[in-house]
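Student: Submitted below is the structure of interest, expressed as structure tokens.
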There are 2 protein chains.
Amino acid sequence: MRTSLIAGIFLSLSSFSVAQPQPQLNLMPMPANVQAGAGQLAINQSFSVAVAGNHDASLDSAIQRFVDQLSRQTGIPFRPKSGAAPTLQIHSDHGLQAVQKLGEDESYELTVADSGAKLTAPTTLGVLRGLATFLQLVQITPAEFAAPTVTVKDQPRFPWRGTLIDVSRHFIPIDVLKRNLDGMAAVKMNVLHWHLSDDQGFRVESKVFPKLTGMGSDGMFYTQDQIRDLIAYAHDRGIRVMPEFDIPGHSRSWFIGYPELSSGAGPYTLEGGGPGPYIDPIMDPTKESTYKFLEKFIAEMAKLFPDAYFHIGGDEVDGKQWDANPKIQAFIHAHGMKNNQDLQAYFNQRLEKIVAKNHKTMVGWDEIIHPDLPKTIVVQSWRGQASLAAAAKQGYRGLLSFGYYIDLMWPASRHYAVDPMADAAATLTPQEKSLILGGESCQWAEWVTPENIDSHIWPRNAVIAERLWSPQNVTDVASMYARMNTVSLELEFMGLTHRSARLHMLHRMAGPADITALRNLADVVEPVKDYNRWSDAKGPIDFHSPLTRMIDAVSPESDTARHFSDLVQAFVQSGYKDQAAEAQIRMWLTTWRDNDVRLQPLLGQTYLLQEDAPLSQDLSALGAAGLQALDYLDKGQTAPDSWKTQQSALIEQSKKPMADLLLMVVAPVQQLVDASSAQHN
Amino acid sequence: MRTSLIAGIFLSLSSFSVAQPQPQLNLMPMPANVQAGAGQLAINQSFSVAVAGNHDASLDSAIQRFVDQLSRQTGIPFRPKSGAAPTLQIHSDHGLQAVQKLGEDESYELTVADSGAKLTAPTTLGVLRGLATFLQLVQITPAEFAAPTVTVKDQPRFPWRGTLIDVSRHFIPIDVLKRNLDGMAAVKMNVLHWHLSDDQGFRVESKVFPKLTGMGSDGMFYTQDQIRDLIAYAHDRGIRVMPEFDIPGHSRSWFIGYPELSSGAGPYTLEGGGPGPYIDPIMDPTKESTYKFLEKFIAEMAKLFPDAYFHIGGDEVDGKQWDANPKIQAFIHAHGMKNNQDLQAYFNQRLEKIVAKNHKTMVGWDEIIHPDLPKTIVVQSWRGQASLAAAAKQGYRGLLSFGYYIDLMWPASRHYAVDPMADAAATLTPQEKSLILGGESCQWAEWVTPENIDSHIWPRNAVIAERLWSPQNVTDVASMYARMNTVSLELEFMGLTHRSARLHMLHRMAGPADITALRNLADVVEPVKDYNRWSDAKGPIDFHSPLTRMIDAVSPESDTARHFSDLVQAFVQSGYKDQAAEAQIRMWLTTWRDNDVRLQPLLGQTYLLQEDAPLSQDLSALGAAGLQALDYLDKGQTAPDSWKTQQSALIEQSKKPMADLLLMVVAPVQQLVDASSAQHN
């Protein structure tokens, strides 16, 4: 299934500097093979593209999109001269298939010389990947926009590189999905896993069962025409679209219109909340009518979604409704099952047959693994990397999502460190390893709206894309962050709003006031991690309430805090002698120390900012503490114990989440404070 | 024609503070009558709208757009409770007319109470204006989003409040025009003057004369379907669309495909340039075939554009081709004409008959005035305010554009000071005054692209909108700037990119580097004014070249420089005692002094920034000079003459444009330097 194992020689970024000064290649994902040259290919108004070999409409539109994006990035309106040699020559043998297949050849070769570039690929799919690489190669130089001379031979490490987007908990409109598909294509991802139904809303028009959206969606759903349009859009970009209809759990939205499907009495209402006092309804696997419904429904959806894979969910079935229903318990005993797990396995077996009858392969979350299910299914591991390896050992193909939950607000480096072949998977046989198809990042939608979803997905998603495309030994974190930053800009030029939305949201919170001081605060905080926002919430969560707090506006990861922390490391490692680092550290600390005076008046004026007042005070105090620590260090004095005690109290207080936010500069300031009080002359 | 002269009592902003503390009303244009109350109407999730009286599809879609925008501004997903009283009740008697008429009633009354708001208007047009006011009333408060209690009775001062957008010199796509129409509607403008043809491109599909775009447009033009779509979009927003086809001058693009229309021999090619060595071709008014062509063309366009007004240009006919053509000179003599002006008048007379036959009123630039033309035409004054008054004295209706050329990069305050009824117009009789219909801002497109056009139009266009809507005595500049700032944010929430595009463009110039220091520089420069960018250009201008320099990215007006200048005024007026002002002045000066060290390395790395290196150095030197001046002032010392001489040289040097940019903080720094050297103890 996999197109290649780790093949070819990977030149790390640092190896470029051996021969002669090379421009940094801001590529993400890093290609399998890169050989850098010495010169560069100018990109100017006469830029042009020529095609040889296969030539069809989808290639033309891919080239048009490529040229448009290159023009947006460079600001150059291209006016090719007729008769001149093309800047970029493209050759492919085959066009896109009507339906993109798993494991289809995505390889390409791209050669950039001073005089022109050449992109060859077996199929248009490879051309798409090569064009994405070319876009990233082009950068501004002292002389012009240019692509460095380079030879790239590239193909993905894994054939399945996806992003799950949950559109049930918060509905995400088609245009927002489209710009995210553009982003996925830019980093060579090839699967949109569309989580289309859950407790909070059913999002696909069914003509056979109109009450699914009519009663189960609060009016926000996709028509079948819109779905076909999105699939075509994805297909043009080399992205498969796999639907997920999560059953038998996570299915409250089905039961508003069709309560007979459920294991309880009903009636149900569409609650907007998260985990609350109400019971989680589950589908009833003991009634034949349930399967009759699913047969019709899956037949309809199998036609609507051309992809060969069909995700049935299968996660988090809590079984309470089954326990409470005597008929269901009787069914379990009558059929010799031991427990609810057996009942779900029975359900999955029946389901698999329906899915297979519609010429689809069933995919489900890792709870579905059961000896009675055929080895053709694909298991998506979310509960741990061990379950991926365990599935492979049992002969199941698998996808890794554990470690790729981007809704948990982890730093990019933490996702980057997760490798599908690591841990338990590392001990698999080559045959078993070949069953690991790749992975998917997961954007669960409890805390996103169309306005801020881009900032939750990007740019961190790019590093997961790299993990799944690039050779396993591409792991340098500093290089990753530098390249992620460049990709982030590329994506904004493409139309994603992960950076610009933050500014809009800060302006909304501030009203007409200047936001400089607010931005200074926003720059150094991060949302609380994992599910802490849930656990801090008072009472059940209303998913319909506005997401307009500071936590909703800020980036999951603070670049400023990371840079500041790096500066402090450099300063400490220099034995407190690196004056350039110290000057920058002082600049930051001064800004923070003085920021609260500027910010407090504003915080009182708007209800969305009042909760952030203690954060701002703490930041100010940390700035002062850090400066004082530097003064001690500069003078070679040991900070007095009383001062140290005071600062420790401040630091402990600042470590606690406030307004669901974490001040990310606490640790480096603590490092300075500790250093100044540990110092002995 | 005018719906009302300055009527009613206008309460200035400051008058609000007499009774009790009032929230500032961030309205632009300021309504004719405002009476503020004491409370506020909460805007929360249960916000809802009800309609009484006239109710049709266009009103529904207007309300939907309004609710969507309110939701974007507040971040609140509205979920009205069924059965609850509506938050906003709308009543109008009549819907939109199929074609909007000049002078149609745009009045409305809006009452906001603690318990709910009421909007009444004779027509949907008034409802649109009232909804725009409501959107601006809503602001964030310490408790919630809310609209202050207020009674507004409003109608426009002038019935014609337009924006001209030139789409010939740079083609502007439909989606960019649409978002600008949204902006116009937000500030109650009601005419898009669409400058559709000029020397650099013919932008409208003609089915009768396909070579107009086929040869005269480099492929970038609007299809007739797109034009109908845009007109419908504008109509929904209460905006008329008046086309302009500029003849007999500015018409090179016609002659590529139809050289027989011209007064010269041809053939012509579509040159991309501005004023160059080549001759300006003009239409031949002496051939009957010219009028046959225009009859067919105008008949086609008169059907396509439903508006009652049809602009034929008529400006800047340099007459060289007429002088050089013996047949044309013979025609002039044979018909007893004195000169080329008479020939153009003859042309305009023939043209007017064609336009009138198609049931349209002819509009032209002020050169067209001639006693032989009927009094029904409308004259657009661009060469001076006197010509507007002169036209009115002759009985012609007129529009003011002189003073409203937003491509000249003037500060908002300068446009704001221009009043159609001032100067020569002030001495007109009431009857003559009634002929002045209003005015239009003009966005000529030599130096804009789809990327930066919003920033050239907005937010400054809003103050021209206010001049044309609000009572003549609404002139407070400080209030204007405060309200313009709020409108600017509203427009970004609406989808305009006048703020966000600048960031993208700076990132393009900087490559992957941090742009903080670059932004500090960009914040204090402005493009050179008037036509100085033209005169500084070396050789003919190529309109197809990229517009990616600093001058293309920065705002026409520097907010930072204005604020800094205000601070220096406050400090000086306090006798150098205002410590708060001084602290802020020092903060800015320090930032600038230290900025060049941070910025210079970057400036060398990218070709788009190299020209800005001297600017950055000067800014740094000015920062140092200002700080030194403050030190002298603080110590009560007189700065030494030698120092003063040095700083004067720096100041003179910094006043000169560099890279077509002006450093806008020179004057206030000079003020500090002068103060420090004038000081005597």
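In the structure tokens, each chain is lettered A, B, ... as it comes, each chain's residues begin at 1, and ligands are numbered from 1 in order of appearance.
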Among region 136-293 of chain A, which ones does DSSP place in helix (DSSP H, G or I), written as a PyMOL selection string?
Tutor: chain A and resi 136-137+174-186+211-214+224-236+252-257+259-261+288-293
Student: Near chain B, meaning an atom within 8 Å, which residues of chain A appear when counting only C-alpha atoms? Write them as a VMD selection string.
Tutor: chain A and resid 45 73 to 77 139 to 144 485 to 486 489 492 to 493 500 504 507 to 512 544 to 548 604 to 608 610
Student: Output the selection as a tab-separated table (two decimals), in the first residue's frame - N, CA and C atoms for each residue.
Tutor:
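The result, stored in part_0.tsv:
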chain	number	residue	atom	x	y	z
A	45	GLN	N	8.29	39.03	-14.43
A	45	GLN	CA	7.03	39.15	-15.18
A	45	GLN	C	6.93	38.19	-16.36
A	73	GLN	N	1.87	35.60	-4.07
A	73	GLN	CA	3.02	35.58	-3.18
A	73	GLN	C	4.05	36.65	-3.56
A	74	THR	N	4.26	36.80	-4.86
A	74	THR	CA	5.31	37.71	-5.32
A	74	THR	C	4.77	39.10	-5.64
A	75	GLY	N	3.46	39.20	-5.82
A	75	GLY	CA	2.89	40.47	-6.25
A	75	GLY	C	3.15	40.80	-7.70
A	76	ILE	N	3.63	39.83	-8.44
A	76	ILE	CA	3.98	40.08	-9.84
A	76	ILE	C	2.83	39.66	-10.76
A	77	PRO	N	2.31	40.59	-11.57
A	77	PRO	CA	1.35	40.19	-12.60
A	77	PRO	C	2.13	39.65	-13.80
A	139	GLN	N	11.48	32.53	-3.28
A	139	GLN	CA	11.60	33.46	-2.16
A	139	GLN	C	12.24	34.76	-2.62
A	140	ILE	N	12.11	35.76	-1.81
A	140	ILE	CA	12.68	37.05	-2.16
A	140	ILE	C	14.16	37.04	-1.84
A	141	THR	N	14.96	37.65	-2.71
A	141	THR	CA	16.42	37.70	-2.52
A	141	THR	C	16.85	39.16	-2.69
A	142	PRO	N	18.13	39.43	-2.48
A	142	PRO	CA	18.58	40.82	-2.67
A	142	PRO	C	18.40	41.32	-4.10
A	143	ALA	N	18.27	40.39	-5.04
A	143	ALA	CA	18.19	40.82	-6.44
A	143	ALA	C	16.79	40.74	-7.03
A	144	GLU	N	15.99	39.80	-6.55
A	144	GLU	CA	14.73	39.51	-7.23
A	144	GLU	C	14.01	38.39	-6.48
A	485	ASN	N	7.10	28.68	10.01
A	485	ASN	CA	6.82	30.11	9.94
A	485	ASN	C	6.64	30.57	8.49
A	486	THR	N	7.49	30.05	7.60
A	486	THR	CA	7.38	30.43	6.20
A	486	THR	C	6.12	29.88	5.57
A	489	LEU	N	3.09	31.97	6.35
A	489	LEU	CA	2.89	33.15	5.49
A	489	LEU	C	2.31	32.74	4.14
A	492	GLU	N	-1.36	32.27	4.40
A	492	GLU	CA	-2.15	33.52	4.45
A	492	GLU	C	-2.30	34.10	3.04
A	493	PHE	N	-1.25	34.04	2.25
A	493	PHE	CA	-1.37	34.52	0.86
A	493	PHE	C	-2.38	33.70	0.08
A	500	SER	N	-4.70	36.67	10.38
A	500	SER	CA	-5.49	37.91	10.33
A	500	SER	C	-6.70	37.85	11.25
A	504	HIS	N	-8.60	40.69	14.01
A	504	HIS	CA	-10.01	41.07	14.04
A	504	HIS	C	-10.62	40.80	15.41
A	507	HIS	N	-9.52	43.28	17.98
A	507	HIS	CA	-10.21	44.56	17.76
A	507	HIS	C	-11.65	44.49	18.26
A	508	ARG	N	-12.30	43.36	18.07
A	508	ARG	CA	-13.67	43.23	18.58
A	508	ARG	C	-13.68	43.38	20.10
A	509	MET	N	-12.73	42.74	20.77
A	509	MET	CA	-12.68	42.80	22.23
A	509	MET	C	-12.38	44.21	22.71
A	510	ALA	N	-11.55	44.93	21.94
A	510	ALA	CA	-11.07	46.23	22.40
A	510	ALA	C	-11.98	47.37	22.00
A	511	GLY	N	-12.94	47.12	21.10
A	511	GLY	CA	-13.72	48.25	20.60
A	511	GLY	C	-12.81	49.16	19.79
A	512	PRO	N	-13.09	50.47	19.78
A	512	PRO	CA	-12.28	51.33	18.92
A	512	PRO	C	-10.88	51.63	19.46
A	544	HIS	N	-23.47	26.78	21.47
A	544	HIS	CA	-23.96	27.90	20.66
A	544	HIS	C	-23.54	29.25	21.20
A	545	SER	N	-22.87	29.26	22.32
A	545	SER	CA	-22.49	30.56	22.88
A	545	SER	C	-21.31	31.12	22.07
A	546	PRO	N	-21.15	32.43	22.13
A	546	PRO	CA	-20.09	33.06	21.33
A	546	PRO	C	-18.70	32.57	21.76
A	547	LEU	N	-17.80	32.46	20.82
A	547	LEU	CA	-16.39	32.14	21.14
A	547	LEU	C	-15.59	33.39	20.83
A	548	THR	N	-15.63	34.31	21.76
A	548	THR	CA	-15.07	35.64	21.52
A	548	THR	C	-14.16	36.10	22.64
A	604	GLY	N	-10.94	47.42	31.63
A	604	GLY	CA	-12.15	47.75	32.37
A	604	GLY	C	-13.31	48.19	31.48
A	605	GLN	N	-12.99	48.59	30.26
A	605	GLN	CA	-14.02	49.17	29.42
A	605	GLN	C	-14.85	48.16	28.66
A	606	THR	N	-14.36	46.95	28.52
A	606	THR	CA	-15.09	46.00	27.68
A	606	THR	C	-15.25	44.67	28.40
A	607	TYR	N	-16.44	44.16	28.33
A	607	TYR	CA	-16.74	42.98	29.14
A	607	TYR	C	-15.95	41.76	28.70
A	608	LEU	N	-15.50	41.74	27.44
A	608	LEU	CA	-14.76	40.57	26.97
A	608	LEU	C	-13.33	40.54	27.49
A	610	GLN	N	-12.42	41.88	30.73
A	610	GLN	CA	-12.28	42.05	32.17
A	610	GLN	C	-11.58	40.86	32.83
Student: To one decimal place in Å, what is the distance between CA of Phe134 (chain B) and CA of Ile43 (chain B)?
Tutor: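 Calculated distance between CA of Phe134 (chain B) and CA of Ile43 (chain B) is 11.2 Å.
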Student: Extract, using only C-alpha atoms, all DNA, RNA and protein residues at most 9 Å from Phe310 (chain A), discarding same-chain residues fewer than 2 positions from it, and format them as a list in words.
Tutor: Met242, Pro243, Glu244, Phe245, Ala302, Phe305, Asp307, Ala308, Ile312, Val355, Lys360, Thr361, Met362, Val363 and Gly364 of chain A
Student: Pick out the closest residue to Ser206 (chain B) from this set: B:Leu304, B:Leu437, B:Ala324, B:Ala581. Count only C-alpha atoms.
Tutor: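 Going through B:Leu304, B:Leu437, B:Ala324, B:Ala581 one by one, the smallest distance to Ser206 (chain B) is for B:Leu304.
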Student: Excluding same-chain residues fewer than 6 positions from Ala234 (chain B), what lies within 8 Å of it counting only C-alpha atoms, as number ranges by chain?
Tutor: B: 178, 181, 240-241
Student: Considering only C-alpha atoms, can you say which of A:Gln321, A:Gln200, A:Ser470, A:Thr111 comes closest to Met30 (chain A)?
Tutor: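 Using only C-alpha atoms, the shortest distance to Met30 (chain A) belongs to A:Ser470.
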Student: What's the 12 Å shell around Asp229 (chain B), counting only C-alpha atoms, without same-chain residues fewer than 3 positions away, as a list in words?
Tutor: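 Surrounding residues, per the criterion: Ile174, Asp175, Leu177, Lys178, Tyr222, Thr223, Gln224, Asp225, Gln226, Ala232, Tyr233, Ala234, His235, Asp236, Val241, Leu304 and Phe305 of chain B.
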Student: Show which residues sit within 8 Å of Val167 (chain B), as number ranges by chain. Count only C-alpha atoms, and ignore same-chain residues fewer than 5 positions away.
Tutor: B: 172, 194-197, 203, 445
Student: Can you pull out every residue from region 462-608 of chain A that DSSP, working from the backbone, puts in strand (DSSP E or B), and format the result as a count of residues only?
Tutor: 4
Student: List the neighbours of Ala561 (chain B) out to 9 Å using only C-alpha atoms; skip same-chain residues closer than 6 positions along the sequence, and give me the result as a ChimeraX atom specification.
Tutor: /B:523-525,663-665,668
Student: Rounded to one decimal in Å, what is the spacing between CA of Phe47 (chain B) and CA of His170 (chain A)?
Tutor: 19.9 Å
Student: Identify which of the residues B:Gln637, B:Gln671, B:Ser262, B:Ser555 lies closest to His250 (chain B), counting only C-alpha atoms when measuring atom-to-atom distances.
Tutor: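 Between B:Gln637, B:Gln671, B:Ser262, B:Ser555, the residue approaching His250 (chain B) most closely is B:Ser262.
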